[in-house]
>>> print(open('query12.txt').read())   # compact mmCIF, C-alpha atoms
# COMPACT_ATOMS: atom_id res chain seq x y z
CA MET A 1 63.79 126.24 18.68
CA LYS A 2 66.79 126.45 16.40
CA PRO A 3 69.91 124.33 15.85
CA ILE A 4 72.88 125.47 17.94
CA GLY A 5 75.35 123.30 16.07
CA VAL A 6 75.78 120.05 14.20
CA ILE A 7 76.90 116.50 14.98
CA ILE A 8 79.56 114.85 12.82
CA SER A 9 79.31 111.06 12.89
CA PRO A 10 80.53 108.07 10.90
CA PHE A 11 76.97 107.25 9.82
CA ARG A 12 75.95 108.76 6.50
CA ASP A 13 72.61 107.08 5.93
CA VAL A 14 70.02 104.97 7.71
CA SER A 15 71.16 102.01 5.59
CA ASP A 16 74.58 102.41 7.23
CA ASN A 17 73.91 100.19 10.27
CA VAL A 18 73.43 103.13 12.59
CA PRO A 19 73.47 101.85 16.17
CA ILE A 20 70.04 102.39 17.71
CA GLN A 21 71.64 103.63 20.92
CA GLY A 22 75.04 105.09 21.69
CA ALA A 23 75.54 102.67 24.57
CA LEU A 24 75.42 99.83 22.03
CA ALA A 25 78.27 101.39 20.04
CA PRO A 26 80.71 102.64 22.66
CA ASP A 27 83.52 102.90 20.10
CA ALA A 28 81.62 105.04 17.60
CA GLU A 29 83.24 108.45 17.85
CA GLY A 30 81.51 111.64 16.90
CA LEU A 31 82.13 115.36 17.02
CA ILE A 32 79.58 117.70 18.52
CA LYS A 33 80.19 121.16 17.10
CA VAL A 34 78.41 124.15 18.55
CA TYR A 35 78.36 127.19 16.31
CA PRO A 36 81.20 129.55 17.30
CA GLU A 37 78.81 132.06 18.90
CA TYR A 38 77.90 129.42 21.55
CA THR A 39 81.47 128.43 22.45
CA GLU A 40 81.40 130.30 25.76
CA GLY A 41 78.52 128.07 26.89
CA LEU A 42 80.85 125.04 26.87
CA ARG A 43 83.04 126.37 29.67
CA ASP A 44 83.49 123.74 32.45
CA VAL A 45 81.72 121.01 30.50
CA GLU A 46 85.07 119.24 30.13
CA GLY A 47 84.89 118.27 33.82
CA PHE A 48 81.96 115.94 33.20
CA SER A 49 82.51 112.37 32.04
CA HIS A 50 79.25 112.23 30.04
CA VAL A 51 76.87 114.63 28.35
CA ILE A 52 73.21 114.38 27.44
CA VAL A 53 72.89 115.34 23.79
CA LEU A 54 69.56 116.55 22.42
CA TYR A 55 69.15 116.77 18.66
CA LEU A 56 66.67 116.70 15.82
CA PHE A 57 65.77 113.51 13.98
CA HIS A 58 66.11 115.54 10.80
CA LYS A 59 65.70 112.63 8.39
CA CYS A 60 62.52 111.44 10.03
CA HIS A 61 59.31 112.64 8.47
CA GLY A 62 55.95 112.08 10.05
CA SER A 63 55.14 110.40 13.33
CA MET A 64 53.31 107.32 14.55
CA LEU A 65 51.80 106.53 17.93
CA ALA A 66 52.45 102.78 17.62
CA VAL A 67 55.83 101.54 16.42
CA ARG A 68 57.85 98.35 16.41
CA PRO A 69 61.19 99.07 18.09
CA TYR A 70 64.26 97.68 16.27
CA MET A 71 65.13 95.54 19.29
CA ASP A 72 61.72 94.04 19.67
CA ASP A 73 59.14 91.92 17.84
CA THR A 74 56.07 93.67 19.23
CA VAL A 75 54.38 96.96 18.43
CA ARG A 76 54.60 99.45 21.33
CA GLY A 77 53.35 102.91 22.13
CA VAL A 78 55.87 105.42 20.77
CA PHE A 79 56.43 106.95 24.24
CA ALA A 80 57.52 103.49 25.45
CA THR A 81 60.22 103.46 22.75
CA ARG A 82 63.11 105.61 21.53
CA SER A 83 61.80 105.59 17.95
CA PRO A 84 62.40 108.79 15.96
CA HIS A 85 58.76 108.75 14.84
CA ARG A 86 57.56 110.75 17.81
CA PRO A 87 55.26 113.76 17.68
CA ASN A 88 58.26 116.03 18.32
CA HIS A 89 61.38 114.77 16.56
CA ILE A 90 63.75 115.24 19.48
CA GLY A 91 66.45 112.61 19.98
CA LEU A 92 68.45 112.01 23.16
CA THR A 93 71.78 110.25 23.60
CA VAL A 94 73.97 109.98 26.68
CA ALA A 95 77.50 110.08 25.23
CA LYS A 96 80.93 109.75 26.80
CA LEU A 97 82.88 112.98 26.65
CA VAL A 98 86.38 112.24 25.33
CA ALA A 99 87.69 115.78 25.00
CA ARG A 100 86.73 119.35 24.41
CA GLU A 101 88.49 121.16 21.59
CA GLY A 102 87.35 124.77 21.35
CA ASN A 103 83.77 124.76 20.11
CA CYS A 104 83.78 120.96 19.66
CA LEU A 105 83.20 118.03 21.97
CA ARG A 106 84.71 114.72 20.92
CA VAL A 107 82.36 112.02 22.17
CA ALA A 108 82.20 108.23 22.14
CA GLY A 109 79.01 106.25 21.86
CA ILE A 110 77.24 108.23 19.19
CA ASP A 111 74.21 106.92 17.35
CA VAL A 112 73.09 109.73 15.09
CA LEU A 113 73.35 110.44 11.39
CA ASP A 114 76.15 112.68 10.14
CA GLY A 115 74.90 116.24 9.90
CA THR A 116 72.31 115.89 12.67
CA PRO A 117 71.22 119.33 13.96
CA LEU A 118 72.15 119.87 17.60
CA LEU A 119 69.54 121.32 19.99
CA ASP A 120 71.18 121.20 23.41
CA ILE A 121 73.99 119.78 25.52
CA LYS A 122 73.37 119.08 29.21
CA PRO A 123 75.88 117.75 31.72
CA PHE A 124 75.09 114.22 32.88
CA VAL A 125 74.78 114.22 36.66
CA PRO A 126 74.45 110.68 38.08
CA ALA A 127 72.57 111.91 41.17
CA PHE A 128 69.91 113.52 38.93
CA ASP A 129 69.89 111.28 35.89
CA ALA A 130 70.64 107.74 37.02
CA PRO A 131 68.00 106.60 39.54
CA ALA A 132 68.96 103.52 41.54
CA GLY A 133 67.02 100.36 40.81
CA ALA A 134 65.50 101.57 37.55
CA THR A 135 63.97 98.88 35.33
CA ALA A 136 63.28 99.00 31.63
CA GLY A 137 59.86 97.44 30.97
CA TRP A 138 59.72 95.49 27.68
CA ALA A 139 63.37 96.45 26.96
CA GLU A 140 64.69 94.90 30.20
CA LYS A 141 65.13 91.39 28.79
CA TYR A 142 67.04 92.74 25.77
CA THR A 143 69.40 94.93 27.74
CA THR A 144 70.22 92.41 30.47
CA GLY A 145 71.14 89.67 27.99
CA GLU A 146 68.17 87.48 28.85
CA LYS A 147 66.96 87.69 25.24
CA THR A 148 68.76 88.63 22.03
CA PRO A 149 67.43 91.84 20.45
CA VAL A 150 65.88 91.47 17.00
CA SER A 151 68.27 94.22 15.81
CA THR A 152 70.54 96.79 17.40
CA SER A 153 71.18 98.90 14.30
CA THR A 154 69.20 100.40 11.46
CA LYS A 155 69.43 98.52 8.19
CA SER A 156 67.18 100.24 5.74
CA GLY A 157 64.95 103.21 5.25
CA MET A 158 62.05 100.79 5.32
CA GLU A 159 62.81 99.63 8.85
CA TRP A 160 63.51 103.20 9.83
CA ARG A 161 60.08 104.23 8.59
CA HIS A 162 58.53 101.43 10.58
CA GLY A 163 60.22 102.54 13.78
CA MET B 164 57.83 121.48 17.72
CA LYS B 165 54.52 121.71 19.55
CA PRO B 166 53.35 120.81 23.05
CA ILE B 167 51.86 117.30 23.26
CA GLY B 168 50.42 117.84 26.71
CA VAL B 169 50.92 119.63 29.99
CA ILE B 170 52.53 118.92 33.37
CA ILE B 171 50.52 119.51 36.55
CA SER B 172 52.77 120.18 39.55
CA PRO B 173 52.54 121.61 43.08
CA PHE B 174 54.76 124.54 42.07
CA ARG B 175 52.84 127.61 40.92
CA ASP B 176 55.63 130.15 40.67
CA VAL B 177 59.42 130.40 40.70
CA SER B 178 59.13 131.98 44.17
CA ASP B 179 57.55 128.70 45.30
CA ASN B 180 60.79 126.89 46.19
CA VAL B 181 60.76 124.79 43.07
CA PRO B 182 63.31 122.00 43.45
CA ILE B 183 66.08 122.49 40.91
CA GLN B 184 66.06 118.78 40.10
CA GLY B 185 63.44 116.09 40.53
CA ALA B 186 65.94 113.79 42.25
CA LEU B 187 66.22 116.39 45.02
CA ALA B 188 62.45 116.28 45.62
CA PRO B 189 61.57 112.60 45.35
CA ASP B 190 58.23 113.14 47.12
CA ALA B 191 57.00 115.93 44.83
CA GLU B 192 54.23 114.33 42.82
CA GLY B 193 53.14 115.57 39.44
CA LEU B 194 50.78 114.57 36.67
CA ILE B 195 51.97 114.37 33.09
CA LYS B 196 48.96 114.69 30.83
CA VAL B 197 49.28 114.00 27.15
CA TYR B 198 46.49 115.43 25.06
CA PRO B 199 43.87 112.72 24.40
CA GLU B 200 44.93 112.30 20.76
CA TYR B 201 48.34 111.00 21.94
CA THR B 202 47.01 108.48 24.48
CA GLU B 203 47.80 105.48 22.23
CA GLY B 204 51.48 106.46 22.37
CA LEU B 205 51.58 105.66 26.11
CA ARG B 206 50.90 101.96 25.61
CA ASP B 207 53.49 99.81 27.49
CA VAL B 208 55.11 102.79 29.19
CA GLU B 209 53.68 101.55 32.50
CA GLY B 210 56.26 98.74 32.49
CA PHE B 211 59.11 101.20 32.99
CA SER B 212 60.09 102.39 36.46
CA HIS B 213 61.22 105.83 35.26
CA VAL B 214 60.62 108.14 32.33
CA ILE B 215 62.66 110.92 30.77
CA VAL B 216 60.42 113.97 30.52
CA LEU B 217 61.24 116.72 28.02
CA TYR B 218 59.40 120.01 28.36
CA LEU B 219 59.56 123.73 27.66
CA PHE B 220 60.91 126.22 30.19
CA HIS B 221 57.91 128.36 29.29
CA LYS B 222 58.47 131.02 31.96
CA CYS B 223 62.07 131.56 30.95
CA HIS B 224 62.71 134.39 28.56
CA GLY B 225 66.06 135.00 26.98
CA SER B 226 69.22 132.97 27.29
CA MET B 227 72.73 133.40 28.64
CA LEU B 228 75.93 131.56 27.85
CA ALA B 229 77.38 132.02 31.35
CA VAL B 230 75.18 131.37 34.40
CA ARG B 231 75.58 130.77 38.10
CA PRO B 232 73.89 127.46 38.94
CA TYR B 233 71.66 127.52 42.06
CA MET B 234 73.83 124.87 43.70
CA ASP B 235 77.08 126.64 43.07
CA ASP B 236 78.95 129.86 43.82
CA THR B 237 80.76 130.11 40.49
CA VAL B 238 79.67 131.19 37.03
CA ARG B 239 79.71 128.30 34.53
CA GLY B 240 79.07 127.80 30.84
CA VAL B 241 75.35 127.16 30.36
CA PHE B 242 75.99 123.76 28.72
CA ALA B 243 77.79 122.69 31.92
CA THR B 244 74.60 123.47 33.89
CA ARG B 245 70.91 122.60 33.87
CA SER B 246 69.88 126.26 33.89
CA PRO B 247 66.71 127.11 31.95
CA HIS B 248 68.51 130.01 30.28
CA ARG B 249 69.81 127.90 27.40
CA PRO B 250 69.62 128.81 23.73
CA ASN B 251 66.76 126.31 23.30
CA HIS B 252 64.46 126.27 26.33
CA ILE B 253 64.20 122.50 26.63
CA GLY B 254 64.11 121.01 30.13
CA LEU B 255 64.80 117.39 31.06
CA THR B 256 63.80 115.50 34.19
CA VAL B 257 64.13 111.80 34.96
CA ALA B 258 61.00 111.08 37.02
CA LYS B 259 59.76 107.98 38.81
CA LEU B 260 56.65 106.56 37.19
CA VAL B 261 54.07 105.87 39.89
CA ALA B 262 51.11 104.92 37.73
CA ARG B 263 49.50 105.38 34.37
CA GLU B 264 45.88 106.48 34.34
CA GLY B 265 44.55 106.77 30.79
CA ASN B 266 46.26 109.73 29.16
CA CYS B 267 48.07 110.67 32.40
CA LEU B 268 51.25 109.50 34.07
CA ARG B 269 51.49 110.03 37.80
CA VAL B 270 55.16 110.69 38.56
CA ALA B 271 57.29 111.37 41.61
CA GLY B 272 60.31 113.64 41.64
CA ILE B 273 58.99 116.51 39.59
CA ASP B 274 60.72 119.86 39.43
CA VAL B 275 58.72 121.92 36.95
CA LEU B 276 56.22 124.72 37.22
CA ASP B 277 52.52 123.91 37.09
CA GLY B 278 51.29 124.24 33.51
CA THR B 279 54.64 123.40 31.91
CA PRO B 280 54.17 122.41 28.25
CA LEU B 281 55.19 118.81 27.57
CA LEU B 282 57.39 118.04 24.54
CA ASP B 283 58.18 114.33 24.84
CA ILE B 284 58.22 111.28 27.09
CA LYS B 285 60.95 108.67 26.63
CA PRO B 286 61.34 105.42 28.57
CA PHE B 287 64.37 105.43 30.86
CA VAL B 288 66.58 102.46 29.97
CA PRO B 289 69.46 102.01 32.44
CA ALA B 290 71.64 100.27 29.84
CA PHE B 291 71.33 103.32 27.54
CA ASP B 292 70.96 106.18 29.97
CA ALA B 293 73.00 105.38 33.08
CA PRO B 294 76.66 104.88 32.14
CA ALA B 295 78.76 103.18 34.79
CA GLY B 296 81.36 105.30 36.51
CA ALA B 297 79.98 108.66 35.37
CA THR B 298 81.25 111.72 37.21
CA ALA B 299 79.70 115.15 37.47
CA GLY B 300 82.43 117.77 37.09
CA TRP B 301 81.84 120.84 39.27
CA ALA B 302 78.56 119.33 40.55
CA GLU B 303 80.23 116.19 41.89
CA LYS B 304 81.08 117.65 45.29
CA TYR B 305 77.52 118.90 45.77
CA THR B 306 75.84 115.65 44.83
CA THR B 307 78.09 113.35 46.82
CA GLY B 308 77.68 115.30 50.05
CA GLU B 309 81.26 116.53 50.11
CA LYS B 310 80.02 120.13 50.01
CA THR B 311 76.64 121.68 50.81
CA PRO B 312 74.93 123.23 47.76
CA VAL B 313 74.32 126.97 47.92
CA SER B 314 70.66 126.26 47.11
CA THR B 315 68.60 123.32 45.88
CA SER B 316 65.43 125.22 45.06
CA THR B 317 64.41 128.41 43.32
CA LYS B 318 63.52 131.26 45.65
CA SER B 319 62.79 134.27 43.51
CA GLY B 320 62.38 135.43 39.98
CA MET B 321 65.62 137.29 40.42
CA GLU B 322 67.58 134.11 41.08
CA TRP B 323 65.69 132.39 38.30
CA ARG B 324 66.73 135.12 35.90
CA HIS B 325 70.31 134.78 37.01
CA GLY B 326 70.32 131.03 36.44
>>> encode(input="query12.txt", output="structure tokens")
Amino acid sequence: MKPIGVIISPFRDVSDNVPIQGALAPDAEGLIKVYPEYTEGLRDVEGFSHVIVLYLFHKCHGSMLAVRPYMDDTVRGVFATRSPHRPNHIGLTVAKLVAREGNCLRVAGIDVLDGTPLLDIKPFVPAFDAPAGATAGWAEKYTTGEKTPVSTSTKSGMEWRHG
Amino acid sequence: MKPIGVIISPFRDVSDNVPIQGALAPDAEGLIKVYPEYTEGLRDVEGFSHVIVLYLFHKCHGSMLAVRPYMDDTVRGVFATRSPHRPNHIGLTVAKLVAREGNCLRVAGIDVLDGTPLLDIKPFVPAFDAPAGATAGWAEKYTTGEKTPVSTSTKSGMEWRHG
């Protein structure tokens, strides 16, 4: 498992109000750069409207099995959250593909720190990745507007450490 | 990066007609077992209708930047496909969560080989993971019924090796 590129984003630090999910920051633009030797692998990706980006939570050290999600006021099992403090520090964002420029993808809706190591890019296929009628457990009320999330961005390393 | 569990599936071998995507085999049931020491991390996951499963393509050796997807008759860049032959052998399936039983999740729509090492489980949140109006590039015609896919399951190690 080795980085295949790097993600350039407007967010320099966890105190920088990093959106906790790309969908919550649709205007945040980022640049996904694969190393030049992987450029050929991007062929035809420009036809897709969205990509699934897998990356390393490289600023996250350690893991916890119970975390309090930023949105919520209750401690949850880490696999019921998108917290970086997971046993394997793999992050996932579905981002809108704005354009491909050589070995770079310009994307909108990015929620990662500048310099994040890239692990993989997969095409988003609605028929595979967007099941009809899906519901979001404890997060449902926060994402449907029924309840206001506690927070939708990181604010400090302290909160970051507490998931 | 270490396995946190294992996936039990009905598919023993790549010659076993493994569905290329879980959504194409909604009745294929599997069992996602996290090792007992991670059980606490599953708390509250049972509230979600679907989970994003990340795993290792452990039977896939080597990688290619250009592959022919099973569905298609044209060679594509690997990042425009879901081929296992990627630089990092990370697989992703959105599966329907049927039930949680202790350290196991019973899921439907599984498309992995029996014994696949588990890397992560993330809750599927429609507001984050299912962008409205997404389109699927070259795969669009195959997933909307406009054109019949060349294949929707693996049939031999040879095809597997050729992506």
>>> atom_distance(input="query12.txt", atom1="atom CA of Phe128 of chain A", atom2="atom CA of Lys2 of chain A")
26.2 Å
>>> closest_residue(input="query12.txt", among="A:Val150, A:Met1, A:Leu92, A:Val6", to="chain B", atoms="all atoms listed in the file")
A:Met1
>>> closest_residue(input="query12.txt", among="B:Pro247, B:Gly240, B:Pro166, B:Gly272", to="Gln184 of chain B", atoms="all atoms listed in the file")
B:Gly272
>>> residues_around(input="query12.txt", residues="Lys33 of chain A", least_positions_apart="2", cutoff="8 Å", atoms="all atoms listed in the file", output="VMD selection string")
chain A and resid 5 to 8 31 35 103 to 105
>>> interface_residues(input="query12.txt", of="chain A", to="chain B", cutoff="7 Å", atoms="all atoms listed in the file", output="MDAnalysis selection string")
chainID A and resid 1:2 21 23 38 40:45 47:50 65:66 76:82 88 94 119:130 134:138 143
>>> closest_residue(input="query12.txt", among="A:Glu101, A:Asp27, A:Asp72, A:Asp114", to="Phe11 of chain A", atoms="all atoms listed in the file")
A:Asp114
>>> atom_distance(input="query12.txt", atom1="atom CA of Gly265 of chain B", atom2="atom CA of Tyr218 of chain B")
20.0 Å
>>> atom_distance(input="query12.txt", atom1="atom CA of Leu260 of chain B", atom2="atom CA of Ala191 of chain B")
12.1 Å
>>> axis_aligned_box(input="query12.txt", around="segment 1-20 of chain A", padding_each_side="5 Å", output="JSON")
{"center_x": 72.2, "center_y": 113.3, "center_z": 12.1, "size_x": 26.7, "size_y": 36.3, "size_z": 23.1}
>>> decode(input="query12.txt", residues="segment 11-57 of chain A", atoms="C-alpha atoms", output="mmCIF file, in the first residue's frame")
data_model
loop_
_atom_site.group_PDB
_atom_site.id
_atom_site.type_symbol
_atom_site.label_atom_id
_atom_site.label_comp_id
_atom_site.auth_asym_id
_atom_site.auth_seq_id
_atom_site.Cartn_x
_atom_site.Cartn_y
_atom_site.Cartn_z
ATOM 1 C CA PHE A 11 -7.225 23.327 4.072
ATOM 2 C CA ARG A 12 -3.801 23.571 5.665
ATOM 3 C CA ASP A 13 -4.551 22.414 9.181
ATOM 4 C CA VAL A 14 -7.283 20.789 11.248
ATOM 5 C CA SER A 15 -7.871 24.179 12.893
ATOM 6 C CA ASP A 16 -8.779 25.487 9.432
ATOM 7 C CA ASN A 17 -12.497 24.584 9.548
ATOM 8 C CA VAL A 18 -12.064 21.566 7.335
ATOM 9 C CA PRO A 19 -15.509 20.394 6.210
ATOM 10 C CA ILE A 20 -16.183 16.969 7.681
ATOM 11 C CA GLN A 21 -17.604 15.785 4.365
ATOM 12 C CA GLY A 22 -17.149 16.987 0.813
ATOM 13 C CA ALA A 23 -20.897 17.081 0.255
ATOM 14 C CA LEU A 24 -21.098 19.748 2.963
ATOM 15 C CA ALA A 25 -18.609 21.947 1.092
ATOM 16 C CA PRO A 26 -19.607 21.637 -2.560
ATOM 17 C CA ASP A 27 -17.639 24.760 -3.487
ATOM 18 C CA ALA A 28 -14.334 23.649 -1.966
ATOM 19 C CA GLU A 29 -12.120 22.896 -4.936
ATOM 20 C CA GLY A 30 -9.182 20.567 -4.794
ATOM 21 C CA LEU A 31 -6.650 19.044 -7.137
ATOM 22 C CA ILE A 32 -6.037 15.316 -7.160
ATOM 23 C CA LYS A 33 -2.597 14.706 -8.625
ATOM 24 C CA VAL A 34 -1.504 11.209 -9.502
ATOM 25 C CA TYR A 35 2.225 10.780 -9.888
ATOM 26 C CA PRO A 36 3.169 11.025 -13.586
ATOM 27 C CA GLU A 37 3.821 7.275 -13.862
ATOM 28 C CA TYR A 38 0.095 6.627 -13.177
ATOM 29 C CA THR A 39 -1.276 9.126 -15.707
ATOM 30 C CA GLU A 40 -2.302 6.410 -18.176
ATOM 31 C CA GLY A 41 -4.650 4.989 -15.528
ATOM 32 C CA LEU A 42 -6.796 8.151 -15.716
ATOM 33 C CA ARG A 43 -7.859 7.532 -19.307
ATOM 34 C CA ASP A 44 -11.690 7.755 -19.680
ATOM 35 C CA VAL A 45 -12.215 8.926 -16.113
ATOM 36 C CA GLU A 46 -13.230 12.334 -17.490
ATOM 37 C CA GLY A 47 -16.529 10.798 -18.655
ATOM 38 C CA PHE A 48 -17.704 10.291 -15.092
ATOM 39 C CA SER A 49 -19.415 13.082 -13.170
ATOM 40 C CA HIS A 50 -18.067 11.943 -9.777
ATOM 41 C CA VAL A 51 -15.156 9.945 -8.418
ATOM 42 C CA ILE A 52 -14.649 8.020 -5.206
ATOM 43 C CA VAL A 53 -11.385 9.191 -3.688
ATOM 44 C CA LEU A 54 -9.536 6.986 -1.209
ATOM 45 C CA TYR A 55 -6.713 8.535 0.785
ATOM 46 C CA LEU A 56 -4.719 8.327 3.988
ATOM 47 C CA PHE A 57 -5.667 10.284 7.099
#
